[in-house]
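Trainee: Pasting a structure here, questions to come.
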Amino acid sequence: MLAATVAAMLSRGAVLPGATLPSAEGPVAMASPVTAMLLANALVPVGTGPIGVAITPDGSFVYVANSRSSTVSVIDTATNLVTATVTGLNGPIDVAITPDGNFLYVTNNGSNNVSVLQIRPIVTSITPGSGSTLGGDPITISGSGFTGATAVTLNSTPVAGFIVVDDNTITATTPPHAAGTVQASVTVPLGTGTGGSFTFVPPAPTITSISPAAGTTSGGTLVTITGTNFTGATAVSIAGTPVTSFQVIDDTHTSAITAPHAPGTGPVSVTTPGGTATGPVNYTYFTPAPTISGFTPASGSTAGGTQVTITGTGFTGATAVSIAGAPAASFQVLNDTTIVAITAPHVPGSGPVSVTTPGGTAVSATNYTYVTPAPTVTGIFPTSGPAGASTQVVLSGTGLTGATSVTVNGTPVPFTVVSDKRSPRPCPRTRPEP
């Protein structure tokens with residue numbers, strides 16, 4: 001009697017605090033009054049004669065078989081509201097869902113058969129399989145069960161727009177999205193299907209200009225590259241050589257420092273995860289013009305042979321050295337900042353020092369002076385002669401060119417300069433000594 005009373009009260013939502021029900025396994029405690037009230041407040045109106053129920057594997061939807069109205073009600077568990085009603089059945093009494101959640105099986109008691117319904121879309125592929133992170137790329141989603149689609153997303157991001165072509169095809173436009181691989185989700189009133197694969201990749205960079213367009217072979221020139229899609233750049237090369245360093249200023253500007261490079265011209269390239277942009281503009285490496293900051297000594301003999309040390313910059317590859325307008329007898333480039341040269345014979349006078357390289361010619365701000373050396377007498381032949389007679393004597397020495405006078409014991413004598421090292425002259429008559 002007690003059991004019958006409890007069952008009748010439960011069927012009406014009644015609660016007996018602290019009551020128990022007999023069962024084969026022993027007494028079963030009754031639900032608390034609070035639990036019973038919560039369940040009562042979650043009543044969801046469905047069709048007539050609800051008798052069978054099934055829930056999707058992910059718990060998103062509940063399907064209720066309504067035998068007397070020959071329908072199946074679809075309840076969204078997030079809202080506990082009926083979102084769709086399946087018609088065209090015949091006294092359904094039971095429902096079952098496949099483990100993948102794609103199909104619903106409904107037993108039709110009135111027609112002794114089972115209806116198989118695709119309750120959510122199946123997405124099999126997305127073509128093309130990749131596109132820009134900027135979005136705007138057209139894609140085609142293939143599968144089944146697309147009729148009546150209400151939403152299409154890529155990794156939960158709604159597409160920019162879509163068209164249901166037929167039950168197996170949807171065309172859509174990709175939205176802006178971070179780089180990475182995502183799946184497409186298609187939602188219809190009975191559920192949502194997810195599948196396929198699409199990869200968002202950064203757009204390939206482009207280069208429109210560089211400034212400046214040339215720099216020295218020694219490197220160190222700051223070059224600003226203008227273009228698009230530079231964000232995330234991983235490498236910058238100028239004329240085929242990686243730059244010393246670079247910085248992405250923004251998506252359209254990158255600055256780079258050139259590395260040392262041989263003379264020549266080549267394109268600029270920027271590499272990002274989206275690809276590599278090359279050109280269309282070229283950068284030219286040129287040999288810098290030399291400069292002269294000084295030289296030592298500042299003067300030397302007109303006879304030449306003086307070693308002159310020239311200091312400055314850009315001497316590497318020097319092809320000529322001149323001193324006071326005359327090519328040096330020889331020269332050697334010690335390094336990019338130092339040259340040693342040997343002067344050639346030269347008339348007395350002054351003139352600048354110049355160094356020529358493939359980069360140009362440098363001319364010193366000060367002059368080098370060729371000076372006539374003081375004469376020296378190293379020998380007389382003969383060393384004696386008869387008194388009172390004229391004797392031709394040959395003087396040997398250095399620096400005799402340009403001699404203006406010759407004296408013997410203080411007495412001027414006529415003379416002729418034969419060469420810089422020899423001067424014959426007649427000696428004056430001298431009286432015999434007493």
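All residue names refer to the structure tokens as shown: chains lettered A, B, ... in order, residues numbered from 1 in each chain, ligands numbered from 1 in order.
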Skip region 158-164 of chain A itself and residues of its chain fewer than 6 positions away, then list as a PDB file with all heavy atoms, in the first residue's frame all residues within 7 Å of it, counting only C-alpha atoms.
Mentor:
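Written out: out_14.pdb:
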ATOM      1  N   PHE A 146      24.043  19.561 -45.750  1.00  0.00           N
ATOM      2  CA  PHE A 146      24.207  21.001 -45.636  1.00  0.00           C
ATOM      3  C   PHE A 146      22.902  21.781 -45.816  1.00  0.00           C
ATOM      4  O   PHE A 146      22.869  22.984 -45.532  1.00  0.00           O
ATOM      5  CB  PHE A 146      25.223  21.509 -46.666  1.00  0.00           C
ATOM      6  CG  PHE A 146      26.625  21.006 -46.450  1.00  0.00           C
ATOM      7  CD1 PHE A 146      27.546  21.033 -47.486  1.00  0.00           C
ATOM      8  CD2 PHE A 146      27.027  20.508 -45.218  1.00  0.00           C
ATOM      9  CE1 PHE A 146      28.845  20.598 -47.295  1.00  0.00           C
ATOM     10  CE2 PHE A 146      28.320  20.051 -45.019  1.00  0.00           C
ATOM     11  CZ  PHE A 146      29.239  20.092 -46.069  1.00  0.00           C
ATOM     12  N   THR A 147      21.862  21.137 -46.306  1.00  0.00           N
ATOM     13  CA  THR A 147      20.608  21.841 -46.566  1.00  0.00           C
ATOM     14  C   THR A 147      20.104  22.504 -45.287  1.00  0.00           C
ATOM     15  O   THR A 147      20.029  21.877 -44.234  1.00  0.00           O
ATOM     16  CB  THR A 147      19.551  20.874 -47.103  1.00  0.00           C
ATOM     17  OG1 THR A 147      20.026  20.308 -48.327  1.00  0.00           O
ATOM     18  CG2 THR A 147      18.235  21.588 -47.352  1.00  0.00           C
ATOM     19  N   VAL A 152      28.303  28.882 -40.705  1.00  0.00           N
ATOM     20  CA  VAL A 152      29.542  28.220 -41.130  1.00  0.00           C
ATOM     21  C   VAL A 152      30.695  28.955 -40.452  1.00  0.00           C
ATOM     22  O   VAL A 152      30.785  30.189 -40.535  1.00  0.00           O
ATOM     23  CB  VAL A 152      29.713  28.252 -42.655  1.00  0.00           C
ATOM     24  CG1 VAL A 152      31.055  27.620 -43.053  1.00  0.00           C
ATOM     25  CG2 VAL A 152      28.556  27.536 -43.350  1.00  0.00           C
ATOM     26  N   ILE A 170      28.953  23.836 -50.066  1.00  0.00           N
ATOM     27  CA  ILE A 170      28.817  25.213 -49.575  1.00  0.00           C
ATOM     28  C   ILE A 170      30.011  26.002 -50.087  1.00  0.00           C
ATOM     29  O   ILE A 170      31.158  25.544 -50.021  1.00  0.00           O
ATOM     30  CB  ILE A 170      28.781  25.266 -48.030  1.00  0.00           C
ATOM     31  CG1 ILE A 170      27.463  24.697 -47.501  1.00  0.00           C
ATOM     32  CG2 ILE A 170      28.965  26.703 -47.527  1.00  0.00           C
ATOM     33  CD1 ILE A 170      27.383  24.653 -45.985  1.00  0.00           C
ATOM     34  N   THR A 171      29.747  27.173 -50.628  1.00  0.00           N
ATOM     35  CA  THR A 171      30.840  28.085 -50.977  1.00  0.00           C
ATOM     36  C   THR A 171      30.872  29.188 -49.928  1.00  0.00           C
ATOM     37  O   THR A 171      29.826  29.644 -49.446  1.00  0.00           O
ATOM     38  CB  THR A 171      30.651  28.684 -52.369  1.00  0.00           C
ATOM     39  OG1 THR A 171      29.397  29.379 -52.432  1.00  0.00           O
ATOM     40  CG2 THR A 171      30.680  27.596 -53.434  1.00  0.00           C
ATOM     41  N   ALA A 172      32.086  29.610 -49.570  1.00  0.00           N
ATOM     42  CA  ALA A 172      32.233  30.606 -48.514  1.00  0.00           C
ATOM     43  C   ALA A 172      33.461  31.459 -48.778  1.00  0.00           C
ATOM     44  O   ALA A 172      34.299  31.145 -49.635  1.00  0.00           O
ATOM     45  CB  ALA A 172      32.341  29.921 -47.151  1.00  0.00           C
ATOM     46  N   THR A 173      33.578  32.546 -48.020  1.00  0.00           N
ATOM     47  CA  THR A 173      34.736  33.436 -48.072  1.00  0.00           C
ATOM     48  C   THR A 173      35.399  33.448 -46.716  1.00  0.00           C
ATOM     49  O   THR A 173      34.733  33.662 -45.694  1.00  0.00           O
ATOM     50  CB  THR A 173      34.318  34.865 -48.461  1.00  0.00           C
ATOM     51  OG1 THR A 173      33.662  34.835 -49.735  1.00  0.00           O
ATOM     52  CG2 THR A 173      35.526  35.788 -48.541  1.00  0.00           C
ATOM     53  N   THR A 174      36.717  33.211 -46.700  1.00  0.00           N
ATOM     54  CA  THR A 174      37.414  33.105 -45.427  1.00  0.00           C
ATOM     55  C   THR A 174      37.460  34.450 -44.704  1.00  0.00           C
ATOM     56  O   THR A 174      37.544  35.507 -45.326  1.00  0.00           O
ATOM     57  CB  THR A 174      38.852  32.602 -45.619  1.00  0.00           C
ATOM     58  OG1 THR A 174      39.565  33.538 -46.433  1.00  0.00           O
ATOM     59  CG2 THR A 174      38.868  31.231 -46.268  1.00  0.00           C
ATOM     60  N   PRO A 175      37.428  34.413 -43.367  1.00  0.00           N
ATOM     61  CA  PRO A 175      37.566  35.634 -42.569  1.00  0.00           C
ATOM     62  C   PRO A 175      39.043  35.865 -42.237  1.00  0.00           C
ATOM     63  O   PRO A 175      39.867  34.961 -42.395  1.00  0.00           O
ATOM     64  CB  PRO A 175      36.776  35.301 -41.308  1.00  0.00           C
ATOM     65  CG  PRO A 175      37.039  33.828 -41.126  1.00  0.00           C
ATOM     66  CD  PRO A 175      37.109  33.247 -42.520  1.00  0.00           C
TER      67      PRO A 175
END
Trainee: Per DSSP on the backbone, filter region 14-223 of chain A down to the residues in alpha helix (DSSP H) and report them as a PyMOL selection string.
Mentor: chain A and resi 33-40
Trainee: Write out as a tab-separated table the residues of region 181-298 of chain A that have any atom within 12 Å of an atom of region 71-77 of chain A, one row each with the nearest atom pair and its distance in Å to one decimal, counting only C-alpha atoms, sorted by chain and then rising number.
Mentor:
residue	atom	partner	partner_atom	distance
A:Val188	CA	A:Val74	CA	11.9
A:Pro189	CA	A:Val74	CA	8.7
A:Leu190	CA	A:Val74	CA	6.9
A:Gly191	CA	A:Asp76	CA	9.2
A:Thr192	CA	A:Asp76	CA	11.7
Trainee: For the residues in the current selection, export N, CA, C and O atoms as a compact mmCIF listing (two decimals), in the first residue's frame.
Mentor:
# COMPACT_ATOMS: atom_id res chain seq x y z
N VAL A 188 23.27 23.17 -38.84
CA VAL A 188 21.90 23.09 -39.34
C VAL A 188 20.98 23.00 -38.13
O VAL A 188 21.46 22.84 -37.00
N PRO A 189 19.68 23.10 -38.31
CA PRO A 189 18.80 23.06 -37.14
C PRO A 189 18.95 21.82 -36.27
O PRO A 189 18.68 21.86 -35.06
N LEU A 190 19.39 20.69 -36.84
CA LEU A 190 19.49 19.47 -36.05
C LEU A 190 20.86 19.27 -35.41
O LEU A 190 21.05 18.34 -34.64
N GLY A 191 21.87 20.12 -35.74
CA GLY A 191 23.17 19.93 -35.13
C GLY A 191 24.28 20.58 -35.93
O GLY A 191 24.04 21.23 -36.96
N THR A 192 25.48 20.37 -35.48
CA THR A 192 26.67 20.96 -36.10
C THR A 192 27.68 19.87 -36.43
O THR A 192 27.97 19.01 -35.59
Trainee: So that I can check the surroundings of region 285-294 of chain A, please list as a list of chain:residue names every protein, DNA and RNA residue that reaches within 6 Å of it, counting only C-alpha atoms and ignoring chain neighbours fewer than 3 positions away.
Mentor: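 Selected residues are A:Ala214, A:Gly215, A:Thr216, A:Thr217, A:Pro263, A:Gly264, A:Thr311, A:Gly312, A:Thr313, A:Gly314, A:Phe315, A:Gly359, A:Gly360, A:Ala362, A:Ser364.
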Trainee: Between A:Thr83, A:Thr309, A:Ser197, A:Thr271, which residue has the minimum interatomic distance to Gly131 (chain A), considering only C-alpha atoms?
Mentor: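 Ranked by minimum distance to Gly131 (chain A), first place goes to A:Ser197.
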Trainee: Near Thr302 (chain A), within 10 Å and counting only C-alpha atoms, which residues show up once chain neighbours fewer than 3 positions away are dropped, as a PyMOL selection string?
Mentor: chain A and resi 299+305-306+343-349+369-373+399
